[in-house]
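The file query_15.txt contains compact mmCIF, C-alpha atoms and all ligand atoms:
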# COMPACT_ATOMS: atom_id res chain seq x y z
CA PHE G 1 127.62 -65.11 -26.84
CA LEU G 2 124.38 -64.60 -28.73
CA PRO G 3 124.25 -62.68 -32.03
CA GLN G 4 122.50 -59.37 -31.30
CA VAL G 5 119.66 -59.88 -33.79
CA MET G 6 117.39 -57.50 -31.85
CA ALA G 7 119.91 -54.68 -31.39
CA GLY G 8 118.19 -51.29 -31.47
CA LYS G 9 114.71 -52.81 -31.41
CA LYS G 10 112.02 -51.86 -28.91
CA VAL G 11 109.95 -54.80 -27.72
CA VAL G 12 106.86 -54.75 -25.52
CA ILE G 13 105.82 -58.04 -23.92
CA THR G 14 102.74 -58.88 -21.83
CA ALA G 15 103.11 -61.66 -19.28
CA GLY G 16 101.39 -63.45 -16.44
CA PRO G 17 97.71 -63.61 -15.52
CA THR G 18 95.34 -60.75 -14.92
CA GLN G 19 93.22 -60.47 -11.78
CA GLU G 20 89.63 -59.29 -12.05
CA ALA G 21 88.26 -58.05 -8.75
CA ILE G 22 85.03 -59.45 -7.30
CA ASP G 23 85.21 -57.42 -4.07
CA PRO G 24 88.12 -55.92 -2.06
CA VAL G 25 89.44 -59.38 -1.09
CA ARG G 26 88.54 -61.71 -3.97
CA TYR G 27 89.29 -61.96 -7.65
CA ILE G 28 89.01 -64.13 -10.76
CA SER G 29 92.27 -65.23 -12.35
CA ASN G 30 94.05 -68.20 -13.97
CA HIS G 31 97.10 -70.46 -13.66
CA SER G 32 99.64 -68.38 -15.60
CA SER G 33 102.88 -68.07 -13.61
CA GLY G 34 104.47 -65.50 -15.90
CA LYS G 35 107.42 -67.82 -16.60
CA MET G 36 107.01 -67.90 -20.39
CA GLY G 37 106.53 -64.13 -20.71
CA TYR G 38 109.46 -63.32 -18.40
CA ALA G 39 111.64 -65.77 -20.34
CA LEU G 40 110.71 -63.95 -23.56
CA ALA G 41 111.58 -60.60 -22.00
CA HIS G 42 114.91 -61.97 -20.80
CA ALA G 43 115.63 -63.54 -24.21
CA ALA G 44 114.77 -60.37 -26.12
CA GLN G 45 117.12 -58.43 -23.87
CA LEU G 46 119.91 -61.01 -24.27
CA LEU G 47 119.50 -60.62 -28.04
CA GLY G 48 119.95 -56.86 -27.82
CA ALA G 49 116.42 -55.42 -27.54
CA GLN G 50 115.18 -52.66 -25.27
CA VAL G 51 112.34 -54.36 -23.40
CA VAL G 52 109.20 -53.20 -21.61
CA LEU G 53 107.51 -56.05 -19.73
CA ILE G 54 103.87 -55.46 -18.84
CA SER G 55 103.19 -57.99 -16.14
CA GLY G 56 100.14 -59.21 -14.30
CA PRO G 57 100.62 -60.29 -10.67
CA CYS G 58 103.28 -62.99 -10.34
CA ALA G 59 106.13 -63.96 -8.04
CA LEU G 60 109.01 -63.78 -10.51
CA LYS G 61 112.05 -61.52 -10.37
CA THR G 62 112.36 -59.01 -13.19
CA PRO G 63 115.50 -59.70 -15.26
CA LEU G 64 118.05 -56.90 -14.87
CA GLY G 65 117.80 -54.05 -17.36
CA ILE G 66 114.15 -54.62 -18.23
CA THR G 67 111.49 -51.99 -17.58
CA LYS G 68 108.60 -53.70 -15.80
CA ILE G 69 105.15 -52.22 -15.61
CA ALA G 70 103.08 -54.02 -12.99
CA VAL G 71 99.34 -54.26 -13.62
CA LYS G 72 96.45 -56.23 -12.18
CA SER G 73 93.40 -56.17 -14.44
CA ALA G 74 92.97 -56.55 -18.19
CA GLN G 75 91.86 -52.91 -18.34
CA GLN G 76 95.13 -51.80 -16.71
CA MET G 77 97.12 -54.08 -19.04
CA LEU G 78 95.40 -52.44 -22.01
CA GLN G 79 96.21 -48.96 -20.72
CA ALA G 80 99.89 -49.89 -20.26
CA ALA G 81 100.02 -51.53 -23.70
CA GLU G 82 98.51 -48.43 -25.33
CA ARG G 83 101.01 -46.25 -23.53
CA TYR G 84 104.14 -48.27 -24.35
CA SER G 85 103.37 -49.76 -27.78
CA PRO G 86 103.63 -46.58 -29.91
CA ASN G 87 107.12 -46.56 -31.45
CA CYS G 88 107.81 -50.15 -30.45
CA ASP G 89 108.96 -52.54 -33.16
CA VAL G 90 107.58 -55.79 -31.82
CA PHE G 91 104.61 -56.49 -29.50
CA ILE G 92 104.41 -59.97 -27.98
CA ALA G 93 101.29 -60.95 -26.03
CA CYS G 94 102.08 -63.87 -23.76
CA ALA G 95 99.77 -62.84 -20.92
CA ALA G 96 96.80 -64.99 -20.04
CA VAL G 97 94.32 -62.12 -19.93
CA ALA G 98 91.01 -62.88 -18.23
CA ASP G 99 88.37 -62.88 -20.95
CA TYR G 100 85.69 -61.67 -18.53
CA LYS G 101 85.49 -59.23 -15.66
CA VAL G 102 82.84 -58.80 -12.97
CA SER G 103 80.26 -56.24 -14.09
CA GLN G 104 79.70 -54.72 -10.63
CA VAL G 105 82.70 -54.95 -8.30
CA ALA G 106 81.40 -54.85 -4.69
CA ASP G 107 82.72 -51.98 -2.56
CA GLN G 108 82.75 -54.12 0.57
CA LYS G 109 83.57 -57.78 1.19
CA ILE G 110 80.60 -59.92 0.09
CA LYS G 111 79.14 -61.71 3.12
CA LYS G 112 78.20 -65.38 2.98
CA HIS G 113 74.54 -64.99 4.01
CA GLN G 114 73.15 -66.75 0.96
CA HIS G 115 73.57 -70.33 -0.23
CA GLN G 116 73.97 -69.27 -3.81
CA VAL G 117 75.32 -66.12 -5.34
CA SER G 118 75.69 -65.24 -8.99
CA LEU G 119 78.28 -63.02 -10.54
CA GLN G 120 77.48 -61.19 -13.72
CA LEU G 121 80.48 -61.14 -16.02
CA GLU G 122 81.19 -59.03 -19.07
CA ARG G 123 83.84 -59.24 -21.78
CA ASN G 124 87.19 -57.63 -21.14
CA PRO G 125 88.87 -55.60 -23.86
CA ASP G 126 91.30 -57.58 -26.01
CA VAL G 127 94.75 -56.09 -25.40
CA LEU G 128 96.50 -57.73 -28.33
CA ALA G 129 93.72 -57.14 -30.87
CA THR G 130 93.58 -53.47 -29.88
CA ILE G 131 97.31 -53.01 -30.51
CA ALA G 132 97.19 -55.04 -33.73
CA GLN G 133 94.40 -52.81 -35.11
CA GLN G 134 96.51 -49.66 -34.97
CA ILE G 135 97.38 -48.20 -38.36
CA GLU G 136 101.09 -48.10 -37.66
CA LYS G 137 101.03 -51.33 -35.75
CA PRO G 138 104.16 -53.05 -34.48
CA PHE G 139 105.03 -56.59 -35.59
CA CYS G 140 102.43 -58.44 -33.51
CA VAL G 141 102.94 -61.88 -32.01
CA GLY G 142 100.17 -63.64 -30.10
CA PHE G 143 100.02 -66.80 -28.07
CA ALA G 144 97.12 -69.23 -28.23
CA ALA G 145 96.57 -71.44 -25.22
CA GLU G 146 94.36 -74.30 -26.38
CA THR G 147 93.32 -77.69 -25.09
CA GLN G 148 92.05 -79.14 -28.39
CA ASP G 149 92.29 -78.50 -32.13
CA VAL G 150 95.33 -76.37 -31.31
CA ALA G 151 96.52 -75.53 -34.83
CA HIS G 152 93.04 -74.69 -36.09
CA TYR G 153 92.16 -72.32 -33.24
CA ALA G 154 95.61 -70.71 -33.28
CA LYS G 155 95.44 -69.91 -37.02
CA ASP G 156 91.93 -68.58 -36.58
CA LYS G 157 93.12 -66.24 -33.79
CA MET G 158 96.03 -65.04 -35.92
CA GLN G 159 93.62 -64.03 -38.66
CA ARG G 160 90.89 -62.55 -36.45
CA LYS G 161 93.34 -60.49 -34.38
CA ASN G 162 95.35 -59.31 -37.41
CA LEU G 163 98.64 -60.83 -36.19
CA ASP G 164 101.94 -61.44 -37.94
CA MET G 165 102.63 -64.60 -36.00
CA ILE G 166 101.02 -66.87 -33.40
CA VAL G 167 102.57 -69.29 -30.93
CA ALA G 168 100.24 -72.24 -30.37
CA ASN G 169 100.53 -73.68 -26.88
CA ASP G 170 98.83 -76.98 -26.14
CA VAL G 171 97.92 -76.48 -22.48
CA SER G 172 96.19 -79.86 -22.09
CA GLN G 173 99.53 -81.42 -21.08
CA GLN G 174 100.74 -80.96 -17.48
CA ASN G 175 104.48 -80.76 -18.19
CA ILE G 176 104.22 -77.83 -20.63
CA GLY G 177 102.29 -74.57 -20.76
CA PHE G 178 100.87 -73.08 -17.56
CA ASN G 179 103.22 -72.90 -14.56
CA SER G 180 105.79 -75.42 -15.83
CA GLU G 181 109.54 -74.97 -16.32
CA GLU G 182 109.37 -76.29 -19.87
CA ASN G 183 107.23 -75.66 -22.89
CA ALA G 184 106.65 -76.98 -26.42
CA VAL G 185 104.92 -74.92 -29.12
CA THR G 186 104.16 -74.61 -32.79
CA VAL G 187 104.53 -71.19 -34.38
CA PHE G 188 102.36 -70.20 -37.33
CA TRP G 189 102.73 -67.29 -39.73
CA HIS G 190 100.87 -66.54 -42.95
CA ASN G 191 102.54 -69.13 -45.15
CA GLY G 192 104.52 -71.30 -42.81
CA GLU G 193 104.95 -72.97 -39.46
CA GLN G 194 107.69 -74.30 -37.21
CA ASN G 195 107.57 -76.81 -34.43
CA PHE G 196 109.58 -76.38 -31.21
CA PRO G 197 109.88 -79.56 -29.07
CA THR G 198 109.85 -79.56 -25.27
CA MET G 199 112.67 -77.50 -23.76
CA HIS G 200 113.30 -75.05 -20.92
CA LYS G 201 111.25 -71.85 -21.31
CA LEU G 202 114.33 -69.59 -21.59
CA GLN G 203 115.88 -71.78 -24.26
CA LEU G 204 112.57 -71.77 -26.15
CA ALA G 205 112.22 -68.02 -25.69
CA ILE G 206 115.62 -67.41 -27.29
CA GLN G 207 114.63 -69.50 -30.31
CA LEU G 208 111.25 -67.75 -30.55
CA ILE G 209 112.82 -64.27 -30.44
CA GLN G 210 115.32 -65.33 -33.12
CA LEU G 211 112.42 -66.45 -35.31
CA VAL G 212 110.54 -63.21 -34.64
CA ALA G 213 113.66 -61.18 -35.56
CA LYS G 214 113.96 -63.02 -38.88
CA HIS G 215 110.32 -62.44 -39.82
CA TYR G 216 110.36 -58.85 -38.59
CA GLU G 217 113.34 -58.07 -40.86
CA TYR G 218 111.68 -59.86 -43.77
CA LYS G 219 108.45 -57.88 -43.34
CA LYS G 220 110.35 -54.61 -43.16
CA SER G 221 112.23 -55.39 -46.36
CA GLN G 222 108.98 -55.94 -48.32
O1 LIG Q 301 102.80 -67.94 -17.61
P1 LIG Q 301 103.18 -69.42 -17.73
O2 LIG Q 301 102.80 -70.21 -16.51
O3 LIG Q 301 104.62 -69.60 -18.13
O4 LIG Q 301 102.30 -70.04 -18.93
C1 LIG Q 301 102.49 -69.62 -20.25
C2 LIG Q 301 101.16 -69.51 -21.00
C3 LIG Q 301 100.54 -70.89 -21.15
C4 LIG Q 301 100.20 -68.57 -20.25
C5 LIG Q 301 101.52 -68.88 -22.39
O5 LIG Q 301 102.42 -69.69 -23.09
C6 LIG Q 301 100.28 -68.66 -23.26
O6 LIG Q 301 99.82 -69.55 -23.96
N1 LIG Q 301 99.72 -67.43 -23.19
C7 LIG Q 301 98.48 -67.04 -23.84
C8 LIG Q 301 97.33 -67.41 -22.97
C9 LIG Q 301 96.00 -66.97 -23.51
O7 LIG Q 301 95.31 -66.25 -22.85
O8 LIG Q 301 95.71 -67.34 -24.70
P2 LIG Q 301 94.31 -66.96 -25.47
O9 LIG Q 301 94.22 -67.99 -26.54
O10 LIG Q 301 93.17 -66.87 -24.52
O11 LIG Q 301 94.57 -65.52 -26.07
C10 LIG Q 301 95.08 -65.33 -27.38
C11 LIG Q 301 96.01 -64.13 -27.41
O12 LIG Q 301 95.28 -62.92 -27.17
C12 LIG Q 301 97.14 -64.15 -26.39
O13 LIG Q 301 98.28 -63.61 -27.03
C13 LIG Q 301 96.62 -63.25 -25.28
O14 LIG Q 301 97.70 -62.61 -24.58
C14 LIG Q 301 95.80 -62.23 -26.05
N2 LIG Q 301 94.64 -61.68 -25.31
C15 LIG Q 301 93.58 -62.48 -24.97
C16 LIG Q 301 92.47 -61.94 -24.35
C17 LIG Q 301 92.48 -60.56 -24.05
N3 LIG Q 301 91.43 -59.99 -23.44
N4 LIG Q 301 93.54 -59.78 -24.38
C18 LIG Q 301 94.62 -60.32 -24.99
O15 LIG Q 301 95.61 -59.61 -25.28

Translate the structure described by the file into structure tokens.
Ligand code: PMT
Amino acid sequence: FLPQVMAGKKVVITAGPTQEAIDPVRYISNHSSGKMGYALAHAAQLLGAQVVLISGPCALKTPLGITKIAVKSAQQMLQAAERYSPNCDVFIACAAVADYKVSQVADQKIKKHQHQVSLQLERNPDVLATIAQQIEKPFCVGFAAETQDVAHYAKDKMQRKNLDMIVANDVSQQNIGFNSEENAVTVFWHNGEQNFPTMHKLQLAIQLIQLVAKHYEYKKSQ
């Protein structure tokens, strides 16, 4: 039995990678499996929340009772986030959103006539920063996947994206982070931090949602 610290709360979570089309058969993506984001969705639901999971393409089963919105590209993830975030209490961005998309997606499969081809890329919209800039923004939690200077970059992202909390994920280690069963993170907020050692992603997710619930209640009481 888990205390229902999220009872009555609406939570929107982004998870998985995004895919940015190159042509009808190819895309740019990354190694996110969706496991961390799905674990967070499951944990939030176990703790009593009503959960919308906005998921990029991945092979995981949706936990029972969770509303899943399947998307492919960053642009689609943004549209879904803008649709489902109004009236939500907490927004958690765990997705590994592609930072760039192909400027001109080819209508037909690109043929291999040339030895070299170049793709022109342009910046994708930032899903989390867009939600966190709203006037009546939800309690916003970001993730920061970093391979060096983890704490520094994570805190910088928290400030730049106007977040309430950031989960710093050192993805330079094979056994944690991308596509692993376990994870280890450090969470930062404006005047504090907490370290979570290596554990199964669902176990970690439960502890993260409990921490989020505590800070959400504290912010609301201010
Ligand atoms: O899916 P798994 O295999 O379980 O792996 C989990 C994970 C390593 C993907 C996850 O724990 C994690 O760290 N997710 C964030 C990955 C990431 O893209 O981090 P970032 O530092 O590039 O982005 C910072 C934050 O902005 C993230 O909350 C991200 O969701 C968000 N973002 C980034 C770019 C963008 N265009 N839109 C966004 O919303």

| remark: Of G:Phe178, G:Tyr84, G:Phe1, G:Tyr27, the one sitting nearest ligand LIG 301 (chain Q) when using all atoms listed in the file is G:Phe178

| request: Have a look at atom C10 of ligand LIG 301 (chain Q) and CA of Met36 (chain G) and let me know their distance in Å, one decimal. | output: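 The value is 14.1 Å.
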
| field | One-decimal distance in Å that lies between atom C15 of ligand LIG 301 (chain Q) and CA of Gln45 (chain G) | value |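 For CA of Gln45 (chain G) relative to atom C15 of ligand LIG 301 (chain Q), the distance reads 23.9 Å.
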
| message | Restricting the calculation to only C-alpha atoms: of G:Val97, G:Ala7, G:Leu53, G:Ala59, which residue gets closest to Lys72 (chain G)? | response | G:Val97

| Which is closest to ligand LIG 301 (chain Q) among G:Leu47, G:Ala15, G:Val5, G:Cys88, if we use all atoms listed in the file? |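 Among G:Leu47, G:Ala15, G:Val5, G:Cys88, it is G:Ala15 that comes nearest to ligand LIG 301 (chain Q).
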
| task | One decimal, Å: what's the distance from CA of Leu163 (chain G) over to CA of Ile28 (chain G), could you say? | result |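 A separation of 27.4 Å between them.
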
Find the residues near Arg123 (chain G): any atom within 7 Å, counting only C-alpha atoms, skip ones fewer than 5 places away on the same chain, and give them as an mmCIF file with C-alpha atoms, keeping the file's coordinate frame.
data_model
loop_
_atom_site.group_PDB
_atom_site.id
_atom_site.type_symbol
_atom_site.label_atom_id
_atom_site.label_comp_id
_atom_site.auth_asym_id
_atom_site.auth_seq_id
_atom_site.Cartn_x
_atom_site.Cartn_y
_atom_site.Cartn_z
ATOM 1 C CA ASP G 99 88.370 -62.880 -20.950
ATOM 2 C CA TYR G 100 85.690 -61.670 -18.530
ATOM 3 C CA LYS G 101 85.490 -59.230 -15.660
#

Using all atoms listed in the file, which residues of chain G come within 6 Å of ligand LIG 301 (chain Q), and what is the closest atom pair for each, with the distance in Å to one decimal? Give it as JSON lines, sorted by chain and residue number.
{"residue": "G:Gly16", "atom": "CA", "partner": "Q:LIG301", "partner_atom": "O1", "distance": 4.8}
{"residue": "G:Ser32", "atom": "CA", "partner": "Q:LIG301", "partner_atom": "O2", "distance": 3.8}
{"residue": "G:Ser33", "atom": "CA", "partner": "Q:LIG301", "partner_atom": "O2", "distance": 3.6}
{"residue": "G:Gly34", "atom": "CA", "partner": "Q:LIG301", "partner_atom": "O1", "distance": 3.4}
{"residue": "G:Lys35", "atom": "CA", "partner": "Q:LIG301", "partner_atom": "O3", "distance": 3.7}
{"residue": "G:Met36", "atom": "CA", "partner": "Q:LIG301", "partner_atom": "O3", "distance": 3.7}
{"residue": "G:Ala93", "atom": "CA", "partner": "Q:LIG301", "partner_atom": "O13", "distance": 4.1}
{"residue": "G:Cys94", "atom": "CA", "partner": "Q:LIG301", "partner_atom": "N1", "distance": 4.3}
{"residue": "G:Ala95", "atom": "CA", "partner": "Q:LIG301", "partner_atom": "O14", "distance": 4.2}
{"residue": "G:Ala96", "atom": "CA", "partner": "Q:LIG301", "partner_atom": "O7", "distance": 3.4}
{"residue": "G:Val97", "atom": "CA", "partner": "Q:LIG301", "partner_atom": "C17", "distance": 4.8}
{"residue": "G:Ala98", "atom": "CA", "partner": "Q:LIG301", "partner_atom": "N3", "distance": 6.0}
{"residue": "G:Asp99", "atom": "CA", "partner": "Q:LIG301", "partner_atom": "N3", "distance": 4.9}
{"residue": "G:Asn124", "atom": "CA", "partner": "Q:LIG301", "partner_atom": "N3", "distance": 5.4}
{"residue": "G:Pro125", "atom": "CA", "partner": "Q:LIG301", "partner_atom": "N3", "distance": 5.1}
{"residue": "G:Asp126", "atom": "CA", "partner": "Q:LIG301", "partner_atom": "N3", "distance": 3.5}
{"residue": "G:Val127", "atom": "CA", "partner": "Q:LIG301", "partner_atom": "O15", "distance": 3.6}
{"residue": "G:Leu128", "atom": "CA", "partner": "Q:LIG301", "partner_atom": "O15", "distance": 3.7}
{"residue": "G:Gly142", "atom": "CA", "partner": "Q:LIG301", "partner_atom": "O13", "distance": 3.6}
{"residue": "G:Phe143", "atom": "CA", "partner": "Q:LIG301", "partner_atom": "O13", "distance": 3.8}
{"residue": "G:Ala144", "atom": "CA", "partner": "Q:LIG301", "partner_atom": "O9", "distance": 3.6}
{"residue": "G:Ala145", "atom": "CA", "partner": "Q:LIG301", "partner_atom": "O6", "distance": 4.0}
{"residue": "G:Asn169", "atom": "CA", "partner": "Q:LIG301", "partner_atom": "O6", "distance": 5.1}
{"residue": "G:Gly177", "atom": "CA", "partner": "Q:LIG301", "partner_atom": "C3", "distance": 4.1}
{"residue": "G:Phe178", "atom": "CA", "partner": "Q:LIG301", "partner_atom": "O2", "distance": 3.6}
{"residue": "G:Asn179", "atom": "CA", "partner": "Q:LIG301", "partner_atom": "O2", "distance": 3.3}

Please dump the current selection as an mmCIF file, keeping the file's coordinate frame; keep C-alpha atoms.
data_model
loop_
_atom_site.group_PDB
_atom_site.id
_atom_site.type_symbol
_atom_site.label_atom_id
_atom_site.label_comp_id
_atom_site.auth_asym_id
_atom_site.auth_seq_id
_atom_site.Cartn_x
_atom_site.Cartn_y
_atom_site.Cartn_z
ATOM 1 C CA GLY G 16 101.390 -63.450 -16.440
ATOM 2 C CA SER G 32 99.640 -68.380 -15.600
ATOM 3 C CA SER G 33 102.880 -68.070 -13.610
ATOM 4 C CA GLY G 34 104.470 -65.500 -15.900
ATOM 5 C CA LYS G 35 107.420 -67.820 -16.600
ATOM 6 C CA MET G 36 107.010 -67.900 -20.390
ATOM 7 C CA ALA G 93 101.290 -60.950 -26.030
ATOM 8 C CA CYS G 94 102.080 -63.870 -23.760
ATOM 9 C CA ALA G 95 99.770 -62.840 -20.920
ATOM 10 C CA ALA G 96 96.800 -64.990 -20.040
ATOM 11 C CA VAL G 97 94.320 -62.120 -19.930
ATOM 12 C CA ALA G 98 91.010 -62.880 -18.230
ATOM 13 C CA ASP G 99 88.370 -62.880 -20.950
ATOM 14 C CA ASN G 124 87.190 -57.630 -21.140
ATOM 15 C CA PRO G 125 88.870 -55.600 -23.860
ATOM 16 C CA ASP G 126 91.300 -57.580 -26.010
ATOM 17 C CA VAL G 127 94.750 -56.090 -25.400
ATOM 18 C CA LEU G 128 96.500 -57.730 -28.330
ATOM 19 C CA GLY G 142 100.170 -63.640 -30.100
ATOM 20 C CA PHE G 143 100.020 -66.800 -28.070
ATOM 21 C CA ALA G 144 97.120 -69.230 -28.230
ATOM 22 C CA ALA G 145 96.570 -71.440 -25.220
ATOM 23 C CA ASN G 169 100.530 -73.680 -26.880
ATOM 24 C CA GLY G 177 102.290 -74.570 -20.760
ATOM 25 C CA PHE G 178 100.870 -73.080 -17.560
ATOM 26 C CA ASN G 179 103.220 -72.900 -14.560
#

Contacts of region 51-153 of chain G with region 206-213 of chain G up to 9 Å, shortest pair per row, only C-alpha atoms, as JSON lines:
{"residue": "G:Val90", "atom": "CA", "partner": "G:Val212", "partner_atom": "CA", "distance": 8.5}
{"residue": "G:Phe139", "atom": "CA", "partner": "G:Val212", "partner_atom": "CA", "distance": 8.7}
{"residue": "G:Val141", "atom": "CA", "partner": "G:Val212", "partner_atom": "CA", "distance": 8.2}

| said: Nearest residue to Ala132 (chain G) out of G:Phe91, G:Tyr153, G:Phe196, G:Tyr38, using all atoms listed in the file? | reply: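 Result for the nearest residue to Ala132 (chain G): G:Phe91.
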
| field | Given all atoms listed in the file as the counted atoms, nearest of G:Ser172, G:Lys137, G:Ala151, G:Gly192 to Asn87 (chain G) | value |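 Using all atoms listed in the file, Asn87 (chain G) sits closest to G:Lys137.
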
| G:Ser73, G:Gln134, G:Asn191, G:Gln222: which is nearest Ile22 (chain G), counting all atoms listed in the file? |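 Closest to Ile22 (chain G), using all atoms listed in the file: G:Ser73.
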
| message | Given the point (112.5, -79.2, -27.8) in the file's coordinates, find the residues that have an atom at most 12 Å from it, counting all atoms listed in the file, and give them as a list in words. | response |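 Protein, DNA and RNA residues close to (112.5, -79.2, -27.8): Ile176, Glu182, Asn183, Ala184, Val185, Thr186, Gln194, Asn195, Phe196, Pro197, Thr198, Met199, His200, Lys201, Leu202, Gln203, Leu204, Ala205, Gln207 and Leu208 of chain G.
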
Dump C-alpha atoms for the selected residues as a PDB file, keeping the file's coordinate frame?
ATOM      1  CA  ILE G 176     104.220 -77.830 -20.630  1.00  0.00           C
ATOM      2  CA  GLU G 182     109.370 -76.290 -19.870  1.00  0.00           C
ATOM      3  CA  ASN G 183     107.230 -75.660 -22.890  1.00  0.00           C
ATOM      4  CA  ALA G 184     106.650 -76.980 -26.420  1.00  0.00           C
ATOM      5  CA  VAL G 185     104.920 -74.920 -29.120  1.00  0.00           C
ATOM      6  CA  THR G 186     104.160 -74.610 -32.790  1.00  0.00           C
ATOM      7  CA  GLN G 194     107.690 -74.300 -37.210  1.00  0.00           C
ATOM      8  CA  ASN G 195     107.570 -76.810 -34.430  1.00  0.00           C
ATOM      9  CA  PHE G 196     109.580 -76.380 -31.210  1.00  0.00           C
ATOM     10  CA  PRO G 197     109.880 -79.560 -29.070  1.00  0.00           C
ATOM     11  CA  THR G 198     109.850 -79.560 -25.270  1.00  0.00           C
ATOM     12  CA  MET G 199     112.670 -77.500 -23.760  1.00  0.00           C
ATOM     13  CA  HIS G 200     113.300 -75.050 -20.920  1.00  0.00           C
ATOM     14  CA  LYS G 201     111.250 -71.850 -21.310  1.00  0.00           C
ATOM     15  CA  LEU G 202     114.330 -69.590 -21.590  1.00  0.00           C
ATOM     16  CA  GLN G 203     115.880 -71.780 -24.260  1.00  0.00           C
ATOM     17  CA  LEU G 204     112.570 -71.770 -26.150  1.00  0.00           C
ATOM     18  CA  ALA G 205     112.220 -68.020 -25.690  1.00  0.00           C
ATOM     19  CA  GLN G 207     114.630 -69.500 -30.310  1.00  0.00           C
ATOM     20  CA  LEU G 208     111.250 -67.750 -30.550  1.00  0.00           C
TER      21      LEU G 208
END

| task | List the neighbours of Ile66 (chain G) out to 8 Å using all atoms listed in the file; skip same-chain residues closer than 3 positions along the sequence, and give me the result as number ranges by chain. | result | G: 41-42, 45, 50-53, 62-63

| request: With a distance cut-off of 10 Å and all atoms listed in the file, select the neighbouring residues of Glu193 (chain G), excluding the residue or stretch itself and same-chain residues fewer than 4 positions from it, and output the selection as a PyMOL selection string. | output: chain G and resi 151+165-167+186-189

| task | Please provide as an MDAnalysis selection string all residues within 12 Å of Gln104 (chain G), with the sequence filter that same-chain residues fewer than 6 positions apart are discarded (counting only C-alpha atoms). | result | chainID G and resid 20:23 110 118:122

Give the padded box for region 212-219 of chain G as AutoDock Vina command-line options: axis-aligned, covering all atoms listed in the file, 4 Å on each side, centre and edge lengths in Å to one decimal.
--center_x 111.2 --center_y -60.5 --center_z -39.2 --size_x 13.5 --size_y 13.3 --size_z 17.1
